[in-house]
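> For reference, this is model-v3.txt, and it has compact mmCIF, C-alpha atoms.
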# COMPACT_ATOMS: atom_id res chain seq x y z
CA MET A 1 40.12 108.36 58.17
CA ILE A 2 43.92 108.44 58.06
CA SER A 3 45.67 106.15 60.56
CA LYS A 4 48.93 107.12 62.23
CA VAL A 5 51.25 105.19 64.53
CA ILE A 6 53.17 106.78 67.39
CA VAL A 7 55.94 104.89 69.19
CA TYR A 8 57.01 105.68 72.74
CA ILE A 9 60.49 104.24 73.33
CA ILE A 10 61.26 103.98 77.02
CA ARG A 11 64.50 103.22 78.82
CA PHE A 12 65.20 102.37 82.42
CA GLY A 13 68.37 102.33 84.48
CA ASN A 14 68.49 105.88 85.76
CA ALA A 15 66.53 107.13 88.76
CA PHE A 16 63.43 107.42 86.57
CA PRO A 17 62.15 106.13 83.22
CA GLU A 18 63.08 108.19 80.16
CA LEU A 19 61.37 108.72 76.80
CA LEU A 20 63.24 108.92 73.50
CA VAL A 21 62.42 112.19 71.72
CA PHE A 22 63.82 114.18 68.82
CA GLU A 23 64.09 117.67 67.38
CA HIS A 24 64.48 118.59 63.72
CA ILE A 25 68.00 119.87 63.09
CA ASP A 26 67.16 122.16 60.16
CA VAL A 27 63.73 123.57 61.17
CA GLU A 28 61.85 124.34 64.36
CA ALA A 29 59.09 121.76 64.82
CA GLY A 30 59.13 121.11 68.55
CA ILE A 31 60.03 118.00 70.50
CA GLN A 32 58.50 114.86 69.01
CA VAL A 33 58.49 111.06 69.10
CA PRO A 34 58.53 108.66 66.12
CA LYS A 35 55.20 108.95 64.27
CA GLY A 36 53.95 108.29 60.78
CA THR A 37 51.17 107.26 58.46
CA VAL A 38 49.97 103.68 58.14
CA GLU A 39 50.14 102.67 54.47
CA HIS A 40 47.05 101.05 52.93
CA ASP A 41 48.66 97.62 52.69
CA GLU A 42 50.29 97.28 56.12
CA THR A 43 49.30 96.30 59.62
CA LEU A 44 49.59 98.73 62.51
CA GLU A 45 52.51 96.76 63.95
CA HIS A 46 54.35 96.77 60.63
CA ALA A 47 53.78 100.53 60.28
CA ALA A 48 55.14 101.10 63.81
CA LYS A 49 58.26 99.05 63.03
CA ARG A 50 58.78 100.79 59.68
CA GLU A 51 58.34 104.30 61.09
CA LEU A 52 60.60 103.49 64.01
CA PHE A 53 63.39 102.40 61.67
CA GLU A 54 62.91 105.20 59.12
CA GLU A 55 62.87 107.95 61.73
CA THR A 56 65.41 106.65 64.27
CA GLY A 57 67.53 103.99 62.58
CA LEU A 58 66.51 101.60 65.38
CA HIS A 59 64.92 98.21 64.83
CA ALA A 60 61.90 97.20 66.90
CA ASN A 61 62.60 94.59 69.55
CA ASN A 62 60.33 92.00 71.11
CA THR A 63 58.97 94.50 73.66
CA LEU A 64 57.05 96.50 71.01
CA ARG A 65 53.39 96.45 71.93
CA PHE A 66 50.17 98.28 71.14
CA ILE A 67 48.78 100.38 74.02
CA GLY A 68 45.77 102.29 72.66
CA THR A 69 44.02 104.40 70.03
CA LEU A 70 42.70 107.97 70.04
CA GLU A 71 41.10 110.15 67.39
CA ARG A 72 42.91 113.46 66.95
CA PHE A 73 42.63 116.14 64.27
CA GLY A 74 40.54 113.92 61.98
CA GLU A 75 43.10 111.10 62.24
CA ARG A 76 43.18 107.82 64.15
CA TRP A 77 46.36 107.64 66.25
CA HIS A 78 47.55 104.16 67.30
CA PHE A 79 50.06 104.21 70.16
CA PHE A 80 52.81 101.67 70.71
CA THR A 81 55.48 101.38 73.36
CA MET A 82 58.86 99.67 73.33
CA THR A 83 61.61 99.29 75.91
CA SER A 84 64.97 100.51 74.69
CA ASP A 85 67.95 98.28 74.21
CA VAL A 86 70.64 99.32 76.72
CA ARG A 87 73.09 99.97 73.85
CA VAL A 88 71.07 102.90 72.51
CA PRO A 89 73.22 106.03 73.00
CA ASN A 90 72.28 109.07 75.08
CA GLU A 91 72.15 111.24 71.98
CA TRP A 92 72.58 110.83 68.22
CA GLN A 93 71.59 112.28 64.86
CA HIS A 94 69.77 110.42 62.11
CA LYS A 95 68.85 111.23 58.50
CA VAL A 96 65.31 110.00 57.84
CA GLY A 97 64.86 107.34 55.17
CA GLY A 98 61.82 106.04 53.35
CA VAL A 99 59.59 107.70 50.79
CA GLY A 100 57.49 109.99 53.00
CA GLU A 101 57.61 113.73 53.46
CA ASP A 102 60.28 113.39 56.18
CA ASN A 103 62.71 111.63 53.81
CA GLY A 104 66.09 113.33 54.02
CA MET A 105 65.31 115.38 57.14
CA ARG A 106 67.82 115.27 59.96
CA PHE A 107 66.73 114.60 63.52
CA ARG A 108 68.64 114.87 66.82
CA PHE A 109 67.56 112.19 69.30
CA PHE A 110 67.90 112.39 73.08
CA TRP A 111 66.15 111.20 76.26
CA LEU A 112 63.81 113.14 78.56
CA PRO A 113 62.33 112.14 81.94
CA LEU A 114 59.05 110.35 81.32
CA THR A 115 56.14 112.01 83.13
CA LEU A 116 52.49 112.62 82.33
CA ALA A 117 53.35 116.34 82.34
CA LEU A 118 55.72 115.96 79.37
CA GLU A 119 54.53 118.11 76.46
CA LEU A 120 55.32 117.09 72.89
CA ALA A 121 54.63 118.90 69.62
CA GLY A 122 51.25 118.30 68.01
CA LYS A 123 49.81 116.71 71.16
CA GLN A 124 51.89 113.55 70.61
CA ASN A 125 51.88 113.19 74.40
CA ASP A 126 48.13 112.43 74.36
CA GLY A 127 48.84 108.69 74.47
CA LEU A 128 51.04 108.84 77.58
CA PRO A 129 48.08 108.06 79.89
CA PHE A 130 47.90 104.64 78.17
CA LEU A 131 51.20 103.83 79.88
CA ASP A 132 50.79 102.21 83.28
CA PHE A 133 53.12 104.36 85.34
CA ASP A 134 52.60 102.10 88.38
CA LEU A 135 53.87 99.08 86.43
CA MET A 136 56.46 100.95 84.36
CA GLY A 137 59.15 98.37 85.03
CA GLU A 138 57.06 95.73 83.24
CA ILE A 139 56.70 97.53 79.89
Once more with this new file: its structure as C-alpha cells, please.

Amino acid sequence: MISKVIVYIIRFGNAFPELLVFEHIDVEAGIQVPKGTVEHDETLEHAAKRELFEETGLHANNTLRFIGTLERFGERWHFFTMTSDVRVPNEWQHKVGGVGEDNGMRFRFFWLPLTLALELAGKQNDGLPFLDFDLMGEI
C-alpha cells in the first residue's frame, strides 16, 4: 500500500486559527494542503519535512508532530500538524522542487479559517478531526 503524508500548518494570532492552503496557478485542482508520497527509504517524519519544503519552501520547525493515520483510496495517509512561524507571509507563490510529478508546478499559498467544515480537494480535510479543536492553542 502506498503511504502519503499530509501536513496541516496552523497559525494563530487572529480571532481564530488558520490553515495554510494552496491552489495551483496553472491548472484547476482545488484547494489543497502539502501532501506527498513517502519514499521507500524514508521515515514518515522525514517525508513530511521533505514534502513541506518541496511544496511550500518552508522548513519544518520543532512543532511538527504526527496526529493520525487513515486509509483512503487504497493509500495510507499519515497526518502531521505544525504551528506556523509568525514570519510566514499572508500569501505567496512557490515553484515546487524535488523529483516528483509536482516538480516545476507553481502554487499560490494563503490562509483560511480552520474549521471542521473546511473542504479540501481530494478529501485532504479527512484528517482535520485528529486536531484537538478544544486545545488548539497547544498544537
> So, with all atoms listed in the file as the atoms that count, which of A:Glu101, A:Asp85, A:Glu55, A:Glu91 lies closest to A:Ile10?
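Distance minimum relative to A:Ile10 lands on A:Asp85.
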> Residues near A:Glu51, anyone? I mean within 9 Å using all atoms listed in the file, not counting same-chain ones fewer than 6 positions away, as JSON, numbers by chain.
{"A": [5, 6, 7, 34, 35, 36, 37, 38, 98]}
> Near A:Leu44, within 10 Å and counting all atoms listed in the file, which residues show up once chain neighbours fewer than 2 positions away are dropped, as a short mmCIF file (atom, residue, chain, number, x, y, z; two decimals) with C-alpha atoms, keeping the file's coordinate frame?

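In the end it all went to selection36.cif:
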data_model
loop_
_atom_site.label_atom_id
_atom_site.label_comp_id
_atom_site.auth_asym_id
_atom_site.auth_seq_id
_atom_site.Cartn_x
_atom_site.Cartn_y
_atom_site.Cartn_z
CA SER A 3 45.67 106.15 60.56
CA LYS A 4 48.93 107.12 62.23
CA VAL A 5 51.25 105.19 64.53
CA THR A 37 51.17 107.26 58.46
CA VAL A 38 49.97 103.68 58.14
CA GLU A 39 50.14 102.67 54.47
CA ASP A 41 48.66 97.62 52.69
CA GLU A 42 50.29 97.28 56.12
CA HIS A 46 54.35 96.77 60.63
CA ALA A 47 53.78 100.53 60.28
CA ALA A 48 55.14 101.10 63.81
CA LYS A 49 58.26 99.05 63.03
CA ARG A 50 58.78 100.79 59.68
CA PHE A 66 50.17 98.28 71.14
CA HIS A 78 47.55 104.16 67.30
CA PHE A 79 50.06 104.21 70.16
CA PHE A 80 52.81 101.67 70.71
#
> Check the smallest atom-to-atom distance from each of A:Gly97, A:Pro113, A:Gly122, A:Pro129 to A:Arg11 using only C-alpha atoms, then report the winner.
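Closest residue, counting only C-alpha atoms: A:Pro113.
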> If you measure from atom CA of A:Thr63 to atom CA of A:Met105, what distance in Å do you get, rounded to one decimal?
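Distance reported for this atom pair: 27.4 Å.
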> To one decimal place in Å, what is the distance between atom CA of A:His40 and atom CA of A:Met1?
11.4 Å
> Report, in Å with one decimal, the straight-line distance from atom CA of A:Ile2 to atom CA of A:Gly100.
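Calculated distance between atom CA of A:Ile2 and atom CA of A:Gly100 is 14.6 Å.
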> Could you work out an axis-aligned bounding box for all listed atoms of stretch 58-70 of chain A, with 6 Å added on each of the six sides, and give its centre and edge lengths in Å to one decimal, as AutoDock Vina command-line options?

--center_x 54.6 --center_y 100.0 --center_z 69.4 --size_x 35.8 --size_y 28.0 --size_z 21.2
> From the list A:Ile67, A:Val96, A:Ala15, A:Leu131, which residue is nearest A:Phe109 when using only C-alpha atoms?
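Under the stated criterion, the closest residue is A:Val96.
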> Hey, which of A:Thr43, A:Asn103, A:Asn14, A:Gln124 ends up closest to A:Glu71? Count all atoms listed in the file.
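Counting all atoms listed in the file, the residue closest to A:Glu71 is A:Gln124.
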> For A:Glu23, list every protein, DNA or RNA residue within 10 Å, evaluated using only C-alpha atoms, and leave out those in the same chain fewer than 5 positions away; present the list as a VMD selection string.
chain A and resid 28 to 33 93 106 to 110 121
> Kindly indicate which residue among A:Asp132, A:Leu52, A:Glu119, A:Asp26 lies nearest to A:Ser84, using all atoms listed in the file for the distances.
A:Leu52
> Given the choices A:Thr69, A:Thr115, A:Asn125, A:Asn62, which gets closest to A:Met82 if the distance is worked out from all atoms listed in the file?
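Result for the nearest residue to A:Met82: A:Asn62.
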> Could you tell me, as a list in words, which residues have any atom at most 7 Å from (60.2, 111.8, 73.6), counting all atoms listed in the file?
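The requested residues, written out, are Tyr8, Leu19, Leu20, Val21, Phe22, Ile31, Gln32, Val33, Trp111 and Leu112 of chain A.
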